[in-house]
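Structure file coords15.cif with mmCIF, C-alpha atoms and all ligand atoms:
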```cif
data_input
#
loop_
_atom_site.label_atom_id
_atom_site.label_comp_id
_atom_site.auth_asym_id
_atom_site.auth_seq_id
_atom_site.Cartn_x
_atom_site.Cartn_y
_atom_site.Cartn_z
CA MET A 1 -24.98 -16.35 5.84
CA ASP A 2 -25.05 -19.85 7.28
CA ILE A 3 -25.45 -22.90 5.15
CA ILE A 4 -29.15 -23.75 5.03
CA LYS A 5 -30.14 -27.32 5.80
CA ILE A 6 -31.83 -29.06 2.90
CA ASN A 7 -32.89 -32.66 3.18
CA ASP A 8 -31.95 -34.32 -0.04
CA ASN A 9 -30.46 -37.66 -0.90
CA SER A 10 -30.21 -37.23 -4.63
CA ASP A 11 -26.44 -36.68 -4.52
CA LYS A 12 -26.99 -34.07 -7.22
CA LEU A 13 -27.28 -30.95 -5.09
CA TYR A 14 -24.12 -28.95 -4.49
CA TYR A 15 -23.13 -25.81 -2.71
CA ILE A 16 -20.99 -24.11 -5.30
CA GLY A 17 -18.69 -21.16 -5.80
CA GLY A 18 -18.05 -18.54 -3.13
CA ILE A 19 -19.94 -20.34 -0.40
CA VAL A 20 -17.64 -23.37 -0.58
CA ARG A 21 -14.58 -21.12 -0.65
CA ASP A 22 -15.88 -19.30 2.43
CA LYS A 23 -16.69 -22.54 4.23
CA LEU A 24 -13.11 -23.78 3.69
CA LEU A 25 -11.70 -20.42 4.75
CA GLY A 26 -13.93 -20.43 7.83
CA VAL A 27 -15.57 -17.10 7.05
CA ARG A 28 -19.24 -16.18 6.74
CA SER A 29 -20.68 -16.10 3.24
CA LEU A 30 -22.49 -13.12 1.79
CA ASP A 31 -24.88 -15.38 -0.13
CA VAL A 32 -25.61 -19.02 -0.84
CA ASP A 33 -25.31 -20.62 -4.27
CA ILE A 34 -26.73 -24.09 -4.83
CA THR A 35 -26.57 -26.05 -8.04
CA TYR A 36 -28.55 -29.08 -9.10
CA VAL A 37 -26.91 -31.36 -11.62
CA GLY A 38 -29.82 -31.43 -14.03
CA ASN A 39 -32.84 -29.17 -14.30
CA ALA A 40 -33.28 -27.36 -10.98
CA ILE A 41 -36.73 -26.00 -11.81
CA ASP A 42 -38.12 -29.51 -12.25
CA TYR A 43 -36.34 -30.96 -9.23
CA CYS A 44 -36.09 -28.25 -6.57
CA SER A 45 -39.72 -27.07 -6.54
CA LYS A 46 -40.44 -29.88 -4.07
CA PHE A 47 -38.42 -28.18 -1.31
CA GLY A 48 -41.11 -25.55 -0.77
CA GLU A 49 -43.23 -22.89 -2.35
CA VAL A 50 -41.74 -21.56 -5.59
CA ILE A 51 -41.23 -17.81 -5.30
CA GLN A 52 -39.75 -17.16 -8.73
CA GLU A 53 -38.34 -19.07 -11.67
CA ASN A 54 -36.29 -18.19 -14.72
CA PRO A 55 -36.39 -20.94 -17.35
CA ASP A 56 -33.83 -19.17 -19.58
CA PHE A 57 -31.17 -19.68 -16.92
CA GLY A 58 -32.70 -22.72 -15.24
CA THR A 59 -32.89 -20.98 -11.86
CA VAL A 60 -35.62 -21.18 -9.27
CA ARG A 61 -36.15 -19.46 -5.91
CA VAL A 62 -37.91 -21.57 -3.33
CA ASN A 63 -39.13 -20.83 0.18
CA VAL A 64 -37.31 -23.43 2.29
CA GLY A 65 -38.54 -23.22 5.88
CA GLY A 66 -38.92 -19.45 5.71
CA HIS A 67 -35.65 -18.82 3.81
CA ALA A 68 -35.63 -17.79 0.16
CA VAL A 69 -33.13 -20.19 -1.42
CA ASP A 70 -31.89 -19.93 -5.00
CA PHE A 71 -31.30 -23.15 -6.89
CA ALA A 72 -29.46 -23.08 -10.21
CA SER A 73 -29.31 -25.80 -12.81
CA THR A 74 -25.85 -26.79 -13.90
CA ARG A 75 -25.30 -24.82 -17.10
CA ALA A 76 -22.73 -24.29 -19.81
CA GLU A 77 -22.13 -20.89 -21.37
CA VAL A 78 -20.22 -19.30 -24.22
CA TYR A 79 -19.06 -15.72 -24.60
CA ALA A 80 -20.45 -15.11 -28.07
CA LYS A 81 -19.61 -11.43 -27.73
CA LYS A 82 -16.43 -10.95 -25.70
CA GLY A 83 -16.91 -8.74 -22.67
CA HIS A 84 -20.68 -9.10 -22.70
CA LEU A 85 -23.07 -11.43 -20.92
CA PRO A 86 -22.52 -15.04 -21.90
CA VAL A 87 -25.11 -17.10 -23.73
CA VAL A 88 -26.40 -20.25 -22.06
CA THR A 89 -25.77 -23.21 -24.33
CA LYS A 90 -26.95 -26.03 -22.13
CA ILE A 91 -29.07 -26.36 -19.01
CA GLY A 92 -28.53 -29.49 -16.98
CA CYS A 93 -24.94 -30.19 -18.09
CA SER A 94 -22.38 -32.04 -16.00
CA LEU A 95 -21.01 -30.50 -12.81
CA LYS A 96 -17.60 -30.27 -14.42
CA GLU A 97 -18.92 -28.24 -17.36
CA ASP A 98 -20.71 -25.94 -14.93
CA VAL A 99 -17.54 -25.39 -12.95
CA MET A 100 -15.48 -24.58 -16.02
CA ARG A 101 -17.46 -21.38 -16.75
CA ARG A 102 -16.42 -19.81 -13.44
CA ASP A 103 -13.90 -17.07 -12.71
CA PHE A 104 -11.17 -18.49 -10.45
CA THR A 105 -10.22 -21.94 -9.22
CA VAL A 106 -11.05 -20.97 -5.62
CA ASN A 107 -14.55 -20.06 -6.81
CA ALA A 108 -14.97 -23.28 -8.74
CA LEU A 109 -15.32 -25.68 -5.84
CA ALA A 110 -18.45 -27.69 -5.18
CA MET A 111 -19.60 -29.37 -2.00
CA ASN A 112 -22.15 -32.14 -2.05
CA ILE A 113 -25.05 -31.13 0.15
CA SER A 114 -25.89 -34.58 1.43
CA THR A 115 -22.38 -36.00 1.88
CA GLY A 116 -20.26 -32.87 2.45
CA GLU A 117 -17.78 -34.20 -0.11
CA ILE A 118 -15.74 -31.52 -1.90
CA VAL A 119 -15.56 -31.80 -5.67
CA ASP A 120 -12.53 -30.00 -7.06
CA TYR A 121 -11.92 -30.31 -10.82
CA VAL A 122 -9.48 -27.44 -11.09
CA GLY A 123 -7.12 -27.48 -8.11
CA GLY A 124 -9.13 -24.91 -6.19
CA GLN A 125 -8.33 -26.38 -2.77
CA GLU A 126 -4.58 -26.16 -3.36
CA ASP A 127 -4.89 -22.57 -4.58
CA LEU A 128 -7.05 -21.72 -1.60
CA LYS A 129 -4.35 -23.05 0.70
CA ASN A 130 -1.78 -20.92 -1.09
CA LYS A 131 -4.15 -17.94 -1.30
CA LEU A 132 -3.83 -17.77 -5.08
CA LEU A 133 -6.31 -16.53 -7.64
CA ARG A 134 -5.96 -18.47 -10.86
CA VAL A 135 -8.20 -18.20 -13.90
CA LEU A 136 -9.43 -21.40 -15.50
CA HIS A 137 -8.23 -20.62 -19.02
CA ASP A 138 -6.20 -18.04 -20.94
CA GLU A 139 -9.22 -16.32 -22.50
CA SER A 140 -10.85 -15.67 -19.13
CA PHE A 141 -10.25 -11.91 -18.91
CA ILE A 142 -10.99 -11.46 -22.61
CA ASP A 143 -14.34 -13.20 -22.13
CA ASP A 144 -15.14 -11.17 -19.06
CA PRO A 145 -12.84 -8.32 -17.97
CA THR A 146 -14.97 -7.72 -14.87
CA ARG A 147 -13.03 -10.67 -13.48
CA ILE A 148 -10.02 -8.36 -13.14
CA ILE A 149 -12.02 -6.23 -10.72
CA ARG A 150 -13.46 -9.33 -9.05
CA ALA A 151 -9.90 -10.53 -8.46
CA LEU A 152 -9.03 -7.18 -6.92
CA LYS A 153 -12.03 -7.52 -4.61
CA PHE A 154 -10.94 -10.98 -3.48
CA ARG A 155 -7.32 -9.87 -3.12
CA VAL A 156 -8.43 -7.19 -0.70
CA ARG A 157 -11.10 -9.19 1.12
CA PHE A 158 -9.09 -12.34 1.65
CA GLY A 159 -5.46 -11.34 1.14
CA PHE A 160 -5.26 -13.50 -2.00
CA GLU A 161 -2.66 -12.86 -4.69
CA LEU A 162 -2.77 -13.37 -8.42
CA GLU A 163 -1.03 -16.54 -9.53
CA GLU A 164 1.83 -15.62 -11.85
CA HIS A 165 0.36 -16.72 -15.16
CA THR A 166 -2.95 -15.08 -14.24
CA ARG A 167 -1.05 -11.89 -13.46
CA HIS A 168 0.50 -12.00 -16.94
CA LEU A 169 -2.91 -12.52 -18.49
CA GLN A 170 -4.20 -9.51 -16.61
CA GLU A 171 -1.25 -7.38 -17.76
CA TYR A 172 -1.77 -8.59 -21.30
CA TYR A 173 -5.45 -7.66 -21.23
CA LEU A 174 -4.91 -4.25 -19.65
CA ALA A 175 -2.25 -3.36 -22.21
CA ASP A 176 -4.79 -3.61 -25.02
CA ILE A 177 -8.32 -3.28 -23.69
CA ASN A 178 -11.39 -4.10 -25.72
CA TYR A 179 -13.70 -1.28 -24.64
CA ASP A 180 -16.77 -2.94 -26.07
CA MET A 181 -17.91 -4.50 -22.82
CA SER A 182 -20.79 -4.57 -20.38
CA TYR A 183 -20.04 -1.61 -18.11
CA LYS A 184 -23.07 -2.35 -16.00
CA ARG A 185 -21.22 -5.36 -14.59
CA VAL A 186 -17.97 -3.44 -14.33
CA LYS A 187 -19.78 -0.82 -12.28
CA LYS A 188 -21.30 -3.44 -9.98
CA GLU A 189 -17.86 -4.89 -9.24
CA LEU A 190 -16.34 -1.43 -8.75
CA ILE A 191 -19.07 -0.61 -6.23
CA GLU A 192 -18.52 -3.83 -4.29
CA THR A 193 -14.74 -3.41 -4.34
CA PHE A 194 -14.47 0.24 -3.40
CA ASN A 195 -17.27 0.16 -0.85
CA LEU A 196 -14.76 -1.92 1.13
CA ASN A 197 -13.00 1.43 1.64
CA SER A 198 -9.51 0.12 1.10
CA GLN A 199 -6.59 2.33 0.21
CA ARG A 200 -4.72 -0.79 -0.80
CA ALA A 201 -7.42 -1.67 -3.33
CA PHE A 202 -7.08 1.77 -4.87
CA GLU A 203 -3.30 1.52 -4.98
CA ILE A 204 -3.49 -1.78 -6.82
CA PHE A 205 -6.24 -0.43 -9.09
CA VAL A 206 -4.01 2.48 -10.09
CA ASN A 207 -0.58 0.85 -10.04
CA GLU A 208 -1.65 -2.16 -12.10
CA GLY A 209 -3.55 0.05 -14.54
CA MET A 210 -7.01 -1.43 -13.89
CA TYR A 211 -8.47 2.07 -14.02
CA ARG A 212 -7.87 1.94 -17.78
CA LEU A 213 -10.88 -0.39 -18.04
CA VAL A 214 -13.07 2.67 -17.55
CA SER A 215 -10.79 5.67 -18.06
CA PRO A 216 -8.03 5.15 -20.65
CA GLU A 217 -6.04 8.31 -19.94
CA ASN A 218 -3.02 8.11 -17.58
CA PHE A 219 -4.00 8.50 -13.96
CA GLU A 220 -1.75 9.02 -10.97
CA LEU A 221 -2.42 7.93 -7.43
CA PRO A 222 -3.45 10.96 -5.35
CA LYS A 223 -1.27 11.60 -2.31
CA VAL A 224 -4.19 11.60 0.11
CA ASN A 225 -5.02 8.41 2.04
CA ILE A 226 -8.67 8.11 1.04
CA GLU A 227 -9.41 5.23 3.40
CA GLN A 228 -8.40 7.31 6.44
CA LEU A 229 -10.27 10.33 5.15
CA ILE A 230 -13.51 8.37 4.74
CA LYS A 231 -13.11 6.81 8.18
CA LYS A 232 -13.00 10.31 9.64
CA TYR A 233 -15.73 11.74 7.39
CA PRO A 234 -18.11 8.87 6.50
CA VAL A 235 -20.23 8.97 3.34
CA ASN A 236 -22.94 6.80 1.80
CA ASN A 237 -21.31 6.26 -1.59
CA VAL A 238 -17.80 5.31 -0.51
CA TRP A 239 -16.90 3.84 -3.90
CA LEU A 240 -17.65 7.12 -5.64
CA VAL A 241 -15.02 8.96 -3.60
CA TYR A 242 -12.46 6.66 -5.28
CA ILE A 243 -13.90 6.15 -8.75
CA GLY A 244 -15.11 9.75 -9.07
CA LEU A 245 -11.47 10.83 -9.30
CA LEU A 246 -10.97 9.22 -12.70
CA PRO A 247 -10.90 11.77 -15.52
CA ASP A 248 -13.17 9.88 -17.92
CA LEU A 249 -16.33 8.38 -16.45
CA SER A 250 -18.37 8.43 -19.64
CA ARG A 251 -18.55 4.65 -19.87
CA LEU A 252 -20.25 4.16 -16.53
CA GLU A 253 -23.97 4.69 -16.22
CA PHE A 254 -24.72 6.76 -13.13
CA THR A 255 -27.90 7.26 -11.17
CA LYS A 256 -29.15 10.83 -10.88
CA GLU A 257 -27.69 11.13 -7.39
CA GLU A 258 -24.31 9.76 -8.45
CA ARG A 259 -24.14 12.03 -11.47
CA LYS A 260 -24.92 15.06 -9.32
CA ILE A 261 -22.10 14.15 -6.93
CA ILE A 262 -19.60 14.06 -9.79
CA GLU A 263 -20.93 17.17 -11.53
CA ASP A 264 -20.97 19.18 -8.30
CA PHE A 265 -17.39 18.14 -7.55
CA ARG A 266 -16.20 19.08 -11.02
CA ALA A 267 -17.94 22.47 -10.89
CA ILE A 268 -16.12 23.66 -7.76
CA GLY A 269 -13.64 26.38 -8.70
CA ASP A 270 -10.77 27.95 -6.79
CA LEU A 271 -11.72 28.87 -3.26
CA LYS A 272 -9.90 31.88 -1.86
CA ASN A 273 -11.42 32.49 1.56
CA ASP A 274 -13.73 31.02 4.20
CA PHE A 275 -16.79 32.65 2.73
CA GLU A 276 -16.10 31.20 -0.72
CA ILE A 277 -15.43 27.78 0.79
CA TYR A 278 -18.66 27.91 2.75
CA LYS A 279 -20.74 29.05 -0.20
CA ALA A 280 -19.23 26.42 -2.50
CA PHE A 281 -19.65 23.46 -0.12
CA ASP A 282 -22.87 24.30 1.73
CA GLY A 283 -25.59 21.91 0.54
CA LEU A 284 -23.23 19.65 -1.43
CA ALA A 285 -22.96 15.91 -0.78
CA ALA A 286 -19.96 15.06 1.40
CA GLU A 287 -18.72 12.85 -1.46
CA SER A 288 -18.34 15.86 -3.78
CA ILE A 289 -16.46 17.78 -1.11
CA LEU A 290 -14.10 14.88 -0.39
CA LEU A 291 -13.41 14.44 -4.11
CA TYR A 292 -12.41 18.09 -4.24
CA GLY A 293 -10.18 17.66 -1.19
CA ILE A 294 -8.42 14.62 -2.62
CA SER A 295 -7.84 16.02 -6.08
CA LYS A 296 -7.35 19.73 -5.31
CA GLU A 297 -6.96 21.10 -1.79
CA LEU A 298 -7.41 18.89 1.25
CA ARG A 299 -6.68 21.77 3.65
CA VAL A 300 -9.79 23.61 2.47
CA VAL A 301 -12.01 20.57 2.96
CA LEU A 302 -10.71 19.88 6.45
CA ARG A 303 -11.32 23.50 7.38
CA TYR A 304 -14.88 23.21 6.09
CA PHE A 305 -15.74 19.94 7.83
CA ASP A 306 -13.96 20.70 11.09
CA VAL A 307 -14.82 24.36 11.53
CA LEU A 308 -16.89 26.19 8.96
CA SER A 309 -19.71 23.67 8.50
CA HIS A 310 -20.58 24.03 12.20
CA ILE A 311 -21.18 27.75 11.83
CA LYS A 312 -24.76 28.74 10.97
CA ILE A 313 -26.40 32.11 10.98
CA SER A 314 -29.42 32.34 13.28
CA ILE A 315 -31.53 35.02 11.64
CA THR A 316 -34.24 33.99 9.21
CA GLY A 317 -36.49 35.64 6.65
CA GLU A 318 -39.09 36.01 9.42
CA ASP A 319 -36.67 38.08 11.47
CA LEU A 320 -36.00 40.34 8.49
CA LYS A 321 -39.73 40.77 7.98
CA HIS A 322 -40.02 41.90 11.60
CA LEU A 323 -37.38 44.52 10.81
CA ASP A 324 -39.79 45.80 8.14
CA ILE A 325 -37.58 44.66 5.31
CA GLU A 326 -39.69 43.60 2.35
CA PRO A 327 -38.96 40.08 1.03
CA SER A 328 -36.68 40.61 -1.96
CA PRO A 329 -33.33 39.47 -3.39
CA GLU A 330 -31.97 41.89 -0.79
CA TYR A 331 -32.50 39.11 1.78
CA GLN A 332 -29.73 36.99 0.26
CA LYS A 333 -27.35 39.93 0.34
CA ILE A 334 -28.10 40.46 4.02
CA PHE A 335 -27.71 36.76 4.87
CA ASP A 336 -24.38 36.68 3.02
CA CYS A 337 -23.14 39.72 4.89
CA VAL A 338 -24.11 38.23 8.23
CA LEU A 339 -22.54 34.91 7.26
CA LYS A 340 -19.29 36.59 6.23
CA ALA A 341 -19.14 38.37 9.58
CA LYS A 342 -20.02 35.22 11.51
CA LEU A 343 -17.36 33.16 9.77
CA GLU A 344 -14.86 35.72 11.01
CA ASN A 345 -16.42 35.86 14.43
CA PRO A 346 -18.39 32.71 15.26
CA GLU A 347 -19.23 34.10 18.71
CA MET A 348 -21.77 36.50 17.18
CA THR A 349 -25.10 36.36 18.99
CA PHE A 350 -28.57 36.60 17.50
CA ASP A 351 -28.72 40.26 18.57
CA ASP A 352 -25.38 40.94 16.87
CA GLU A 353 -26.77 39.44 13.69
CA ILE A 354 -29.92 41.58 13.86
CA LYS A 355 -27.82 44.67 14.43
CA LEU A 356 -25.69 43.87 11.42
CA ALA A 357 -28.74 43.09 9.27
CA LYS A 358 -30.15 46.53 10.10
CA ASN A 359 -26.87 48.14 9.13
CA VAL A 360 -26.67 46.32 5.82
CA LYS A 361 -30.21 47.43 5.08
CA LYS A 362 -29.21 51.10 5.43
P1 LIG A 401 -19.14 -13.13 -2.68
O1 LIG A 401 -18.63 -13.55 -1.33
O2 LIG A 401 -18.75 -11.73 -3.04
O3 LIG A 401 -20.58 -13.41 -2.89
P2 LIG A 401 -18.78 -15.13 -4.70
O4 LIG A 401 -17.57 -15.85 -5.20
O5 LIG A 401 -19.85 -15.95 -4.06
O6 LIG A 401 -18.28 -14.01 -3.70
P3 LIG A 401 -20.83 -14.18 -6.46
O7 LIG A 401 -20.86 -12.90 -7.21
O8 LIG A 401 -21.83 -14.42 -5.39
O9 LIG A 401 -19.35 -14.31 -5.89
O10 LIG A 401 -20.88 -15.35 -7.53
C1 LIG A 401 -21.04 -16.69 -7.14
C2 LIG A 401 -20.15 -17.58 -8.00
O11 LIG A 401 -20.49 -17.41 -9.38
C3 LIG A 401 -18.67 -17.26 -7.92
O12 LIG A 401 -18.08 -17.90 -6.82
C4 LIG A 401 -18.17 -17.80 -9.25
O13 LIG A 401 -18.04 -19.20 -9.21
C5 LIG A 401 -19.32 -17.46 -10.17
N1 LIG A 401 -19.14 -16.16 -10.81
C6 LIG A 401 -19.59 -14.94 -10.39
N2 LIG A 401 -19.23 -13.98 -11.23
C7 LIG A 401 -18.53 -14.56 -12.22
C8 LIG A 401 -17.89 -14.08 -13.41
N3 LIG A 401 -17.90 -12.79 -13.72
N4 LIG A 401 -17.28 -15.00 -14.19
C9 LIG A 401 -17.28 -16.31 -13.88
N5 LIG A 401 -17.85 -16.80 -12.79
C10 LIG A 401 -18.48 -15.95 -11.95
MG MG A 402 -21.60 -15.20 -3.44
#
```
Could you write out this file's structure as structure tokens?
Ligand code: ATP
Ligand code: MG
Amino acid sequence: MDIIKINDNSDKLYYIGGIVRDKLLGVRSLDVDITYVGNAIDYCSKFGEVIQENPDFGTVRVNVGGHAVDFASTRAEVYAKKGHLPVVTKIGCSLKEDVMRRDFTVNALAMNISTGEIVDYVGGQEDLKNKLLRVLHDESFIDDPTRIIRALKFRVRFGFELEEHTRHLQEYYLADINYDMSYKRVKKELIETFNLNSQRAFEIFVNEGMYRLVSPENFELPKVNIEQLIKKYPVNNVWLVYIGLLPDLSRLEFTKEERKIIEDFRAIGDLKNDFEIYKAFDGLAAESILLYGISKELRVVLRYFDVLSHIKISITGEDLKHLDIEPSPEYQKIFDCVLKAKLENPEMTFDDEIKLAKNVKK
């Protein structure tokens, strides 16, 4: 997203966080964050029609020349309950206080909207140059462990590395995790990270023990390159093909669709022949099938996607009716017989299928 032009001479409006980082890196931003030093709801309503406001957080969304722009008030927060959402203690604090609640120095830069001046209280520019992710204080991961996953996301997206002390703090946290945390936020970060479809992200996630945030039991990196697999067989829920492998997912809240993907994958038993493979995978989400391939037998999954899934029987219930076969559970038996034969001989024609159906009937 490009930086939106806002005419303001107050000297109190700042682009802040990721957008400033992205501007200095010369990459496009996913979203725009603007902060007003003071109460944004009072001040920023003049830029256009107010679409939405949230006085508890001091945020307001305004229509600026056809763009919905979010303005935040500078705010201070405390983590009253570690690992959970912070509590706002002050709206309209100083820019410095606002910056100090953020995750990493490179995400704590501000840029004055009217002058373009960069305000850097924490050495973010230097870290950006050195591609380092550094937390702002030693309690950072304890306050909000989702920052560990956020760091992973930025490591993969931008090639950043953890600064040494920050790496120690991460290790320290992961060695003794406080599981009383907001998993909704953890899930959001996991989705954003693993939807990048990066094998490297998963390797770091496993090797550095980040998976323990959700699934405490030991977990080993599967041998399959998941990134390559997904490139060849694309799916909607990329992240789930990674995270679904973890043995304990009880902490994450899944949607109905996500839960079905995991349950279907876990319910697949041993598959001994083409017919069993076909019957087990037909109608399942590709995510479930890939999960099975990664954790159990890849060969079987490749055979299904590359060969078996393209084979379909042609006869229908209507055709059986025309053969004077009464609709009954018998139909399924006939279809299965025809399918078994067709999996062995995909060249079977419609007439071959009818012939076989008649024979089964007898
Ligand atoms: P992206 O390009 O993914 O949007 P971003 O850095 O802009 O990266 P956002 O999630 O949009 O990330 O958050 C905007 C800013 O809010 C961040 O740059 C950071 O300053 C702050 N922030 C976001 N999440 C946290 C967090 N969990 N803890 C502290 N600060 C955070
Ligand atoms: Mg952002």
**OP:** Write as a VMD selection string the residues around ligand LIG 401 (chain A), taking 6 Å as the cut-off and counting only C-alpha atoms and all ligand atoms.
**Re:** chain A and resid 17 to 19 29 to 31 101 to 103 107 to 108 146 to 147
Subject >> Exercise: stretch 140-143 of chain A partners within 6 Å, all atoms listed in the file, chain neighbours under 2 positions left out, as a list in words >> reply: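 The contact residues come out as Tyr79, Lys82, Gly83, His137, Asp138 and Pro145 of chain A.
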**OP:** Provide the atom CA of A:Lys131 to atom MG of ligand MG 402 (chain A) distance in Å, to one decimal place.
**Re:**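 Rounded to one decimal, the two atoms are 17.8 Å apart.
Distance-wise, atom CA of A:Asp336 and atom CA of A:Ile315 end up 11.3 Å apart.
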**OP:** Find, counting all atoms listed in the file, the residue in A:Glu192, A:Phe305, A:Thr89, A:Arg185 that gets nearest to ligand MG 402 (chain A).
**Re:** A:Glu192
Any idea what's packed within 12 Å of A:Glu257, counting all atoms listed in the file, ignoring anything in its chain fewer than 3 positions away? Could you give it as a PDB file with C-alpha atoms, in the coordinates of the input?
```pdb
ATOM      1  CA  ASN A 236     -22.940   6.800   1.800  1.00  0.00           C
ATOM      2  CA  ASN A 237     -21.310   6.260  -1.590  1.00  0.00           C
ATOM      3  CA  LEU A 240     -17.650   7.120  -5.640  1.00  0.00           C
ATOM      4  CA  GLU A 253     -23.970   4.690 -16.220  1.00  0.00           C
ATOM      5  CA  PHE A 254     -24.720   6.760 -13.130  1.00  0.00           C
ATOM      6  CA  LYS A 260     -24.920  15.060  -9.320  1.00  0.00           C
ATOM      7  CA  ILE A 261     -22.100  14.150  -6.930  1.00  0.00           C
ATOM      8  CA  ILE A 262     -19.600  14.060  -9.790  1.00  0.00           C
ATOM      9  CA  GLU A 263     -20.930  17.170 -11.530  1.00  0.00           C
ATOM     10  CA  ASP A 264     -20.970  19.180  -8.300  1.00  0.00           C
ATOM     11  CA  LEU A 284     -23.230  19.650  -1.430  1.00  0.00           C
ATOM     12  CA  ALA A 285     -22.960  15.910  -0.780  1.00  0.00           C
ATOM     13  CA  GLU A 287     -18.720  12.850  -1.460  1.00  0.00           C
ATOM     14  CA  SER A 288     -18.340  15.860  -3.780  1.00  0.00           C
TER      15      SER A 288
END
```
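Atom pair atom CA of A:Gly26 / atom CA of A:Gln170 has a distance of 28.5 Å (rounded to one decimal).
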**OP:** Go through A:Ile268, A:Leu339, A:Val99, A:Leu249 one by one, measure the shortest atom-to-atom distance of each to A:Tyr15 using only C-alpha atoms, and give the residue with the smallest value.
**Re:**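 Looking at the shortest contact to A:Tyr15, the residue is A:Val99.
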Original post:
Between A:Leu25, A:Leu221, A:Val238, A:Ile313, which is the closest to A:Asn130 once you count all atoms listed in the file?
Top reply: A:Leu25
Please, what is the axis-aligned box for every listed atom of stretch 34-47 of chain A with 5 Å on each side, as centre and edge lengths in Å to one decimal, as lines of an AutoDock Vina configuration file?
```
center_x = -33.5
center_y = -27.8
center_z = -7.8
size_x = 23.9
size_y = 17.3
size_z = 23.0
```
Original post:
Which one is closest to A:Ile148: A:Leu169, A:Leu252, A:Leu291, A:Ile91? Count all atoms listed in the file.
Top reply: A:Leu169
